[in-house]
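A.B. asks: I'm passing along coords.pdb; it holds PDB, C-alpha atoms.
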ATOM      1  CA  MET A   1     -11.845   1.842 -12.081
ATOM      2  CA  ILE A   2     -12.730  -1.652 -13.268
ATOM      3  CA  ASN A   3     -13.885  -4.676 -11.329
ATOM      4  CA  ILE A   4     -11.526  -7.487 -12.321
ATOM      5  CA  LEU A   5     -14.062 -10.111 -11.288
ATOM      6  CA  PHE A   6     -16.322  -9.464 -14.257
ATOM      7  CA  GLU A   7     -14.863  -6.769 -16.499
ATOM      8  CA  GLU A   8     -12.363  -7.501 -19.239
ATOM      9  CA  LEU A   9      -8.782  -6.591 -18.397
ATOM     10  CA  PRO A  10      -7.406  -3.874 -20.678
ATOM     11  CA  ASP A  11      -4.933  -4.448 -23.467
ATOM     12  CA  THR A  12      -4.730  -0.778 -24.385
ATOM     13  CA  VAL A  13      -3.905   2.541 -22.769
ATOM     14  CA  GLU A  14      -5.386   5.914 -23.637
ATOM     15  CA  VAL A  15      -3.066   8.625 -24.887
ATOM     16  CA  SER A  16      -4.441  11.968 -26.121
ATOM     17  CA  GLY A  17      -7.930  10.503 -26.478
ATOM     18  CA  LYS A  18      -6.815   7.519 -28.569
ATOM     19  CA  PHE A  19      -6.329   3.913 -27.435
ATOM     20  CA  TYR A  20      -3.046   2.124 -28.147
ATOM     21  CA  LYS A  21      -2.379  -1.606 -27.797
ATOM     22  CA  ILE A  22       0.264  -2.629 -25.281
ATOM     23  CA  THR A  23       1.788  -5.843 -24.063
ATOM     24  CA  THR A  24       0.010  -7.120 -20.956
ATOM     25  CA  ASP A  25       1.791 -10.300 -19.806
ATOM     26  CA  PHE A  26       3.125 -10.118 -16.254
ATOM     27  CA  ARG A  27       6.655 -11.050 -17.388
ATOM     28  CA  ASP A  28       6.805  -7.963 -19.594
ATOM     29  CA  TRP A  29       5.756  -5.716 -16.725
ATOM     30  CA  ILE A  30       8.265  -7.225 -14.331
ATOM     31  CA  ALA A  31      10.840  -6.495 -17.052
ATOM     32  CA  PHE A  32       9.406  -2.959 -17.187
ATOM     33  CA  PHE A  33      10.119  -2.492 -13.469
ATOM     34  CA  ASP A  34      13.604  -3.962 -13.905
ATOM     35  CA  MET A  35      14.245  -1.504 -16.728
ATOM     36  CA  MET A  36      12.915   1.374 -14.624
ATOM     37  CA  SER A  37      15.262   0.491 -11.761
ATOM     38  CA  ASP A  38      18.302   0.163 -14.054
ATOM     39  CA  SER A  39      20.728   2.788 -12.787
ATOM     40  CA  GLU A  40      22.674   2.661 -16.049
ATOM     41  CA  LEU A  41      19.751   4.218 -17.932
ATOM     42  CA  ASP A  42      18.925   7.895 -17.555
ATOM     43  CA  GLN A  43      15.305   9.089 -17.468
ATOM     44  CA  LYS A  44      15.199   9.834 -21.197
ATOM     45  CA  GLN A  45      16.528   6.355 -22.052
ATOM     46  CA  LYS A  46      13.944   4.784 -19.750
ATOM     47  CA  MET A  47      11.162   6.753 -21.380
ATOM     48  CA  LEU A  48      12.292   5.770 -24.882
ATOM     49  CA  THR A  49      12.781   2.114 -23.906
ATOM     50  CA  ALA A  50       9.329   2.050 -22.312
ATOM     51  CA  LEU A  51       7.803   2.827 -25.695
ATOM     52  CA  SER A  52       8.603  -0.746 -26.756
ATOM     53  CA  TRP A  53       5.692  -1.853 -24.536
ATOM     54  CA  PHE A  54       3.392  -0.477 -27.255
ATOM     55  CA  THR A  55       2.729  -3.382 -29.608
ATOM     56  CA  GLU A  56       1.433  -1.729 -32.773
ATOM     57  CA  GLU A  57       1.698   2.038 -32.869
ATOM     58  CA  ILE A  58       3.626   4.439 -30.659
ATOM     59  CA  PRO A  59       1.711   7.590 -29.691
ATOM     60  CA  ASP A  60       2.997  10.961 -30.856
ATOM     61  CA  ASN A  61       2.838  12.476 -27.373
ATOM     62  CA  LEU A  62       5.727  10.572 -25.775
ATOM     63  CA  THR A  63       5.372  12.156 -22.357
ATOM     64  CA  GLU A  64       1.706  11.223 -22.128
ATOM     65  CA  ALA A  65       2.474   7.758 -23.564
ATOM     66  CA  TYR A  66       5.068   7.178 -20.859
ATOM     67  CA  LYS A  67       2.633   8.342 -18.181
ATOM     68  CA  ALA A  68      -0.030   5.966 -19.542
ATOM     69  CA  LEU A  69       2.427   3.061 -19.311
ATOM     70  CA  THR A  70       3.438   3.891 -15.749
ATOM     71  CA  ASP A  71      -0.246   4.192 -14.797
ATOM     72  CA  PHE A  72      -0.900   0.762 -16.316
ATOM     73  CA  ALA A  73       2.129  -0.661 -14.483
ATOM     74  CA  SER A  74       0.751   0.627 -11.175
ATOM     75  CA  CYS A  75      -2.671  -0.895 -11.974
ATOM     76  CA  SER A  76      -4.246   2.524 -11.511
ATOM     77  CA  GLY A  77      -7.360   1.509 -13.435
ATOM     78  CA  MET A  78      -7.904  -1.439 -11.105
ATOM     79  CA  LYS A  79      -7.163   0.042  -7.681
ATOM     80  CA  LYS A  80      -7.628   3.369  -6.028
ATOM     81  CA  THR A  81      -4.404   5.350  -5.878
ATOM     82  CA  SER A  82      -4.482   5.483  -2.089
ATOM     83  CA  GLU A  83      -4.477   1.672  -1.974
ATOM     84  CA  ASN A  84      -1.330   1.556  -4.097
ATOM     85  CA  GLN A  85       0.602   4.093  -2.098
ATOM     86  CA  GLY A  86       2.857   2.599   0.507
ATOM     87  CA  LYS A  87       2.512  -0.999  -0.622
ATOM     88  CA  ASN A  88       6.034  -1.360  -1.915
ATOM     89  CA  ASN A  89       7.770   1.770  -0.724
ATOM     90  CA  SER A  90       6.375   2.618   2.665
ATOM     91  CA  ASN A  91       9.696   3.067   4.432
ATOM     92  CA  SER A  92      10.816   6.551   3.396
ATOM     93  CA  GLY A  93      11.670   5.585  -0.168
ATOM     94  CA  VAL A  94      13.470   2.382   0.792
ATOM     95  CA  PRO A  95      12.375  -0.373  -1.603
ATOM     96  CA  THR A  96      10.555  -3.252   0.028
ATOM     97  CA  LEU A  97      10.183  -5.457  -3.056
ATOM     98  CA  SER A  98      12.636  -6.340  -5.793
ATOM     99  CA  TRP A  99      11.321  -8.467  -8.638
ATOM    100  CA  LEU A 100      14.941  -9.509  -9.233
ATOM    101  CA  TYR A 101      16.097 -10.359  -5.718
ATOM    102  CA  ASP A 102      12.716 -11.654  -4.546
ATOM    103  CA  SER A 103      11.904 -13.706  -7.658
ATOM    104  CA  ALA A 104      12.335 -17.104  -5.976
ATOM    105  CA  TYR A 105       9.980 -16.071  -3.179
ATOM    106  CA  VAL A 106       7.368 -14.803  -5.638
ATOM    107  CA  LEU A 107       7.628 -18.033  -7.619
ATOM    108  CA  GLY A 108       7.322 -20.092  -4.443
ATOM    109  CA  ALA A 109       4.365 -18.126  -3.132
ATOM    110  CA  PHE A 110       2.363 -18.552  -6.339
ATOM    111  CA  ARG A 111       3.047 -22.294  -6.345
ATOM    112  CA  GLN A 112       2.278 -22.670  -2.638
ATOM    113  CA  VAL A 113      -0.870 -20.582  -2.498
ATOM    114  CA  TYR A 114      -2.386 -20.800  -5.984
ATOM    115  CA  ASP A 115      -0.679 -23.856  -7.488
ATOM    116  CA  ILE A 116       0.394 -21.615 -10.380
ATOM    117  CA  ASP A 117       3.758 -22.267 -11.997
ATOM    118  CA  LEU A 118       4.826 -18.797 -13.096
ATOM    119  CA  ILE A 119       7.647 -20.234 -15.186
ATOM    120  CA  ARG A 120       5.403 -22.424 -17.313
ATOM    121  CA  VAL A 121       2.156 -20.449 -17.424
ATOM    122  CA  ASP A 122       1.570 -19.319 -21.004
ATOM    123  CA  PHE A 123       0.071 -15.951 -20.172
ATOM    124  CA  MET A 124      -1.163 -13.995 -17.187
ATOM    125  CA  HIS A 125      -2.342 -10.406 -17.441
ATOM    126  CA  TRP A 126      -0.273  -8.005 -15.361
ATOM    127  CA  TRP A 127      -3.309  -6.823 -13.410
ATOM    128  CA  GLU A 128      -4.340 -10.412 -12.587
ATOM    129  CA  PHE A 129      -0.794 -11.159 -11.446
ATOM    130  CA  SER A 130      -0.780  -7.969  -9.338
ATOM    131  CA  ALA A 131      -4.128  -8.804  -7.745
ATOM    132  CA  LEU A 132      -2.974 -12.317  -6.893
ATOM    133  CA  PHE A 133       0.309 -10.985  -5.531
ATOM    134  CA  GLU A 134      -1.466  -8.447  -3.352
ATOM    135  CA  ALA A 135      -3.856 -11.142  -2.076
ATOM    136  CA  LEU A 136      -1.071 -13.487  -0.965
ATOM    137  CA  PRO A 137      -1.431 -14.393   2.710
ATOM    138  CA  GLU A 138       0.769 -12.472   5.114
ATOM    139  CA  ASP A 139       2.463 -15.668   6.307
ATOM    140  CA  VAL A 140       4.152 -16.564   3.001
ATOM    141  CA  PRO A 141       7.890 -15.781   2.925
ATOM    142  CA  ILE A 142       7.662 -12.999   0.321
ATOM    143  CA  LYS A 143       5.092 -11.116   2.397
ATOM    144  CA  LYS A 144       7.186 -11.619   5.542
ATOM    145  CA  ARG A 145      10.253 -10.248   3.746
ATOM    146  CA  ILE A 146       8.312  -7.176   2.633
ATOM    147  CA  ALA A 147       6.873  -6.684   6.119
ATOM    148  CA  TYR A 148      10.318  -6.808   7.748
ATOM    149  CA  ARG A 149      11.699  -4.352   5.208
ATOM    150  CA  GLN A 150       8.863  -1.953   6.065
ATOM    151  CA  ILE A 151       9.565  -1.908   9.803
ATOM    152  CA  ARG A 152      11.090   1.312  11.013
ATOM    153  CA  LEU A 153      13.623   0.528  13.705
ATOM    154  CA  SER A 154      12.958   3.863  15.373
ATOM    155  CA  ASP A 155       9.430   2.640  16.178
ATOM    156  CA  ILE A 156      10.766  -0.274  18.252
ATOM    157  CA  LYS A 157      11.389   0.708  21.850
ATOM    158  CA  ASP A 158      12.760  -2.610  23.166
ATOM    159  CA  LYS A 159      16.524  -2.687  22.509
ATOM    160  CA  GLU A 160      16.738  -6.486  22.135
ATOM    161  CA  ARG A 161      13.774  -6.619  19.768
ATOM    162  CA  ARG A 162      15.315  -3.793  17.729
ATOM    163  CA  LYS A 163      18.567  -5.805  17.428
ATOM    164  CA  GLN A 164      16.611  -8.869  16.344
ATOM    165  CA  ILE A 165      14.659  -6.898  13.726
ATOM    166  CA  LEU A 166      17.870  -5.264  12.491
ATOM    167  CA  ARG A 167      19.419  -8.731  11.943
ATOM    168  CA  ILE A 168      16.342  -9.808  10.008
ATOM    169  CA  LYS A 169      16.286  -6.594   7.962
ATOM    170  CA  LYS A 170      19.945  -7.108   7.037
ATOM    171  CA  ALA A 171      19.245 -10.712   6.016
ATOM    172  CA  VAL A 172      16.352  -9.737   3.732
ATOM    173  CA  SER A 173      17.851  -6.535   2.338
ATOM    174  CA  PHE A 174      19.009  -6.299  -1.264
ATOM    175  CA  PRO A 175      21.419  -6.492  -2.848
ATOM    176  CA  HIS A 176      23.134  -8.733  -0.384
ATOM    177  CA  GLU A 177      25.354 -11.738  -0.139
ATOM    178  CA  PRO A 178      23.458 -14.984  -0.681
ATOM    179  CA  VAL A 179      21.976 -16.330   2.529
ATOM    180  CA  SER A 180      21.237 -20.016   2.930
ATOM    181  CA  ALA A 181      17.685 -21.225   3.451
ATOM    182  CA  GLN A 182      18.730 -22.589   6.836
ATOM    183  CA  LYS A 183      20.073 -19.189   7.920
ATOM    184  CA  ILE A 184      16.864 -17.430   6.833
ATOM    185  CA  GLY A 185      14.827 -20.034   8.709
ATOM    186  CA  GLU A 186      16.888 -19.388  11.828
ATOM    187  CA  ILE A 187      16.417 -15.639  11.505
ATOM    188  CA  PHE A 188      12.640 -15.827  11.100
ATOM    189  CA  SER A 189      12.212 -18.261  13.985
ATOM    190  CA  MET A 190      13.776 -15.846  16.507
TER     191      MET A 190
END
Rewrite the structure from the file as structure tokens, please.

C.D. replies:
Amino acid sequence: MINILFEELPDTVEVSGKFYKITTDFRDWIAFFDMMSDSELDQKQKMLTALSWFTEEIPDNLTEAYKALTDFASCSGMKKTSENQGKNNSNSGVPTLSWLYDSAYVLGAFRQVYDIDLIRVDFMHWWEFSALFEALPEDVPIKKRIAYRQIRLSDIKDKERRKQILRIKKAVSFPHEPVSAQKIGEIFSM
């Protein structure tokens, strides 16, 4: 495990005892997650497509190469595994974050909190992006959306509160019909 405060962020992954260069910009890794969630690709196609994240040489052991990429994507060298578990899928396999559907909220949060324009930034390492994303305050809209998606309705005893949370969960679920900013504001202010 590395300390991102003073250790260099990796630009390689280890496969069968050898290090291979990979792409490390956050945009590429968001695209990686989009590719992984593409229901039109089967597992073999995803594995073969993932190999394009190697920038120079593709390892011979494709299974281990794919595992190394997924480990890098999950920032396993930066965080303990137990810290990663449950962050984005804590509700019985129900996704709580979509880089596609939540992109505007991610963009807004980085501008609001860090004054970083994710559209115009030349480069940001995936692990730096992930650390900044994880460190976003709980009161920014993207974190609120994730928090509401994680709530299990069965844990709420009060019937009226459960109805209110259900309305919010429907409003922030994906994919869904576009909801106006005013409507979302009304939902969160309940």

A.B. asks: Atom CA of Val140 of chain A and atom CA of Glu160 of chain A, how far apart in Å?

C.D. replies: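 Between these atoms lies a distance of 25.0 Å.
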
A.B. asks: Quick one: residues within 9 Å of Leu62 of chain A, only C-alpha atoms counted, chain neighbours fewer than 4 positions away excluded, as a list in words?

C.D. replies: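 Near Leu62 of chain A, the qualifying residues are Met47, Leu48, Leu51, Ile58, Tyr66 and Lys67 of chain A.
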
A.B. asks: Can you tell me which residues surround Phe72 of chain A at a distance of at most 12 Å, considering all atoms listed in the file, apart from same-chain residues fewer than 6 positions away, and format the answer as a ChimeraX atom specification?

C.D. replies: /A:1,9-15,21-26,29,32-33,50,53-54,65-66,78-79,81,125-127,130

A.B. asks: Point out the residue among A:Leu97, A:Met35, A:Ala109, A:Ala131 with the least atom-to-atom distance to Gln150 of chain A, counting all atoms listed in the file.

C.D. replies: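 Closest to Gln150 of chain A, using all atoms listed in the file: A:Leu97.
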
A.B. asks: Find the smallest box with edges along x, y and z containing every listed atom of segment 35-40 of chain A, then add 8 Å on each side and report centre and edge lengths in Å to one decimal, as JSON.

C.D. replies:
{"center_x": 17.8, "center_y": 0.6, "center_z": -14.2, "size_x": 25.8, "size_y": 20.3, "size_z": 21.0}

A.B. asks: Please determine, counting only C-alpha atoms, which residue among A:Glu56, A:Ser173, A:Arg27, A:Asp139 has the shortest atom-to-atom distance to Leu118 of chain A.

C.D. replies: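 The closest residue to Leu118 of chain A is A:Arg27.
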
A.B. asks: Nearest residue to Leu132 of chain A out of A:Arg145, A:Val106, A:Ile119, A:Leu153, using all atoms listed in the file?

C.D. replies: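 That would be A:Val106, the residue with the smallest distance to Leu132 of chain A.
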
A.B. asks: Select, from A:Lys18, A:Arg167, A:Arg152, A:Ile2, the residue with the minimum atom-to-atom distance to Ala68 of chain A, counting all atoms listed in the file.

C.D. replies: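 Closest to Ala68 of chain A, using all atoms listed in the file: A:Lys18.
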
A.B. asks: Calculate how many Å separate atom CA of Met124 of chain A from atom CA of Asn3 of chain A, rounding to one decimal.

C.D. replies: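 Taking atom CA of Met124 of chain A and atom CA of Asn3 of chain A, their separation equals 16.8 Å.
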
A.B. asks: Return the single residue from A:Ile30, A:Met36, A:Val113, A:Leu5 that is closest to Leu136 of chain A, with distances computed using all atoms listed in the file.

C.D. replies: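 Using all atoms listed in the file, the shortest distance to Leu136 of chain A belongs to A:Val113.
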
A.B. asks: Taking all atoms listed in the file into account, which of A:Pro59, A:Phe129, A:Ala171, A:Ile116 comes nearest Ser74 of chain A?

C.D. replies: A:Phe129

A.B. asks: Just to confirm, what's the straight-line distance from atom CA of Tyr20 of chain A to atom CA of Ser37 of chain A in Å (one decimal)?

C.D. replies: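 Interatomic distance, atom CA of Tyr20 of chain A to atom CA of Ser37 of chain A: 24.6 Å.
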
A.B. asks: Which residues are close to Lys143 of chain A, i.e. within 12 Å by all atoms listed in the file, leaving aside same-chain residues fewer than 4 positions away? Reply as a list in words.

C.D. replies: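 These residues fall inside the cut-off: Lys87, Asn88, Thr96, Leu97, Asp102, Tyr105, Val106, Gly108, Ala109, Phe110, Phe133, Glu134, Ala135, Leu136, Pro137, Glu138, Asp139, Ala147, Tyr148, Arg149, Gln150 and Val172 of chain A.
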
A.B. asks: Can you sort out segment 1-18 of chain A so it carries N, CA, C and O atoms, written as a PDB file, keeping the file's coordinate frame?

C.D. replies:
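Generated file (rebuild-v9.pdb):
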ATOM      1  N   MET A   1     -12.346   3.015 -12.758  1.00  0.00           N
ATOM      2  CA  MET A   1     -11.845   1.842 -12.081  1.00  0.00           C
ATOM      3  C   MET A   1     -12.674   0.641 -12.521  1.00  0.00           C
ATOM      4  O   MET A   1     -13.893   0.726 -12.587  1.00  0.00           O
ATOM      5  N   ILE A   2     -12.001  -0.469 -12.830  1.00  0.00           N
ATOM      6  CA  ILE A   2     -12.730  -1.652 -13.268  1.00  0.00           C
ATOM      7  C   ILE A   2     -12.787  -2.685 -12.154  1.00  0.00           C
ATOM      8  O   ILE A   2     -11.958  -2.690 -11.252  1.00  0.00           O
ATOM      9  N   ASN A   3     -13.777  -3.547 -12.248  1.00  0.00           N
ATOM     10  CA  ASN A   3     -13.885  -4.676 -11.329  1.00  0.00           C
ATOM     11  C   ASN A   3     -13.332  -5.887 -12.065  1.00  0.00           C
ATOM     12  O   ASN A   3     -13.932  -6.365 -13.034  1.00  0.00           O
ATOM     13  N   ILE A   4     -12.191  -6.398 -11.614  1.00  0.00           N
ATOM     14  CA  ILE A   4     -11.526  -7.487 -12.321  1.00  0.00           C
ATOM     15  C   ILE A   4     -12.284  -8.806 -12.235  1.00  0.00           C
ATOM     16  O   ILE A   4     -11.953  -9.748 -12.947  1.00  0.00           O
ATOM     17  N   LEU A   5     -13.295  -8.876 -11.394  1.00  0.00           N
ATOM     18  CA  LEU A   5     -14.062 -10.111 -11.288  1.00  0.00           C
ATOM     19  C   LEU A   5     -14.975 -10.342 -12.488  1.00  0.00           C
ATOM     20  O   LEU A   5     -15.286 -11.477 -12.825  1.00  0.00           O
ATOM     21  N   PHE A   6     -15.413  -9.258 -13.137  1.00  0.00           N
ATOM     22  CA  PHE A   6     -16.322  -9.464 -14.257  1.00  0.00           C
ATOM     23  C   PHE A   6     -16.061  -8.569 -15.470  1.00  0.00           C
ATOM     24  O   PHE A   6     -16.667  -8.766 -16.514  1.00  0.00           O
ATOM     25  N   GLU A   7     -15.169  -7.619 -15.356  1.00  0.00           N
ATOM     26  CA  GLU A   7     -14.863  -6.769 -16.499  1.00  0.00           C
ATOM     27  C   GLU A   7     -13.584  -7.246 -17.175  1.00  0.00           C
ATOM     28  O   GLU A   7     -12.672  -7.764 -16.524  1.00  0.00           O
ATOM     29  N   GLU A   8     -13.525  -7.066 -18.464  1.00  0.00           N
ATOM     30  CA  GLU A   8     -12.363  -7.501 -19.239  1.00  0.00           C
ATOM     31  C   GLU A   8     -11.147  -6.650 -18.869  1.00  0.00           C
ATOM     32  O   GLU A   8     -11.243  -5.427 -18.741  1.00  0.00           O
ATOM     33  N   LEU A   9     -10.015  -7.310 -18.712  1.00  0.00           N
ATOM     34  CA  LEU A   9      -8.782  -6.591 -18.397  1.00  0.00           C
ATOM     35  C   LEU A   9      -8.283  -5.882 -19.653  1.00  0.00           C
ATOM     36  O   LEU A   9      -8.343  -6.426 -20.753  1.00  0.00           O
ATOM     37  N   PRO A  10      -7.779  -4.668 -19.504  1.00  0.00           N
ATOM     38  CA  PRO A  10      -7.406  -3.874 -20.678  1.00  0.00           C
ATOM     39  C   PRO A  10      -6.151  -4.375 -21.379  1.00  0.00           C
ATOM     40  O   PRO A  10      -5.249  -4.921 -20.756  1.00  0.00           O
ATOM     41  N   ASP A  11      -6.137  -4.175 -22.691  1.00  0.00           N
ATOM     42  CA  ASP A  11      -4.933  -4.448 -23.467  1.00  0.00           C
ATOM     43  C   ASP A  11      -4.501  -3.195 -24.229  1.00  0.00           C
ATOM     44  O   ASP A  11      -3.701  -3.240 -25.146  1.00  0.00           O
ATOM     45  N   THR A  12      -5.068  -2.074 -23.795  1.00  0.00           N
ATOM     46  CA  THR A  12      -4.730  -0.778 -24.385  1.00  0.00           C
ATOM     47  C   THR A  12      -4.585   0.260 -23.282  1.00  0.00           C
ATOM     48  O   THR A  12      -5.060   0.063 -22.160  1.00  0.00           O
ATOM     49  N   VAL A  13      -3.938   1.361 -23.638  1.00  0.00           N
ATOM     50  CA  VAL A  13      -3.905   2.541 -22.769  1.00  0.00           C
ATOM     51  C   VAL A  13      -4.354   3.724 -23.607  1.00  0.00           C
ATOM     52  O   VAL A  13      -4.194   3.740 -24.829  1.00  0.00           O
ATOM     53  N   GLU A  14      -4.909   4.722 -22.941  1.00  0.00           N
ATOM     54  CA  GLU A  14      -5.386   5.914 -23.637  1.00  0.00           C
ATOM     55  C   GLU A  14      -4.330   7.001 -23.597  1.00  0.00           C
ATOM     56  O   GLU A  14      -3.808   7.337 -22.522  1.00  0.00           O
ATOM     57  N   VAL A  15      -4.016   7.523 -24.764  1.00  0.00           N
ATOM     58  CA  VAL A  15      -3.066   8.625 -24.887  1.00  0.00           C
ATOM     59  C   VAL A  15      -3.677   9.656 -25.824  1.00  0.00           C
ATOM     60  O   VAL A  15      -4.007   9.341 -26.972  1.00  0.00           O
ATOM     61  N   SER A  16      -3.864  10.866 -25.329  1.00  0.00           N
ATOM     62  CA  SER A  16      -4.441  11.968 -26.121  1.00  0.00           C
ATOM     63  C   SER A  16      -5.773  11.583 -26.768  1.00  0.00           C
ATOM     64  O   SER A  16      -6.023  11.876 -27.936  1.00  0.00           O
ATOM     65  N   GLY A  17      -6.601  10.870 -26.003  1.00  0.00           N
ATOM     66  CA  GLY A  17      -7.930  10.503 -26.478  1.00  0.00           C
ATOM     67  C   GLY A  17      -7.991   9.312 -27.415  1.00  0.00           C
ATOM     68  O   GLY A  17      -9.059   8.949 -27.886  1.00  0.00           O
ATOM     69  N   LYS A  18      -6.863   8.680 -27.676  1.00  0.00           N
ATOM     70  CA  LYS A  18      -6.815   7.519 -28.569  1.00  0.00           C
ATOM     71  C   LYS A  18      -6.267   6.312 -27.803  1.00  0.00           C
ATOM     72  O   LYS A  18      -5.405   6.466 -26.937  1.00  0.00           O
TER      73      LYS A  18
END
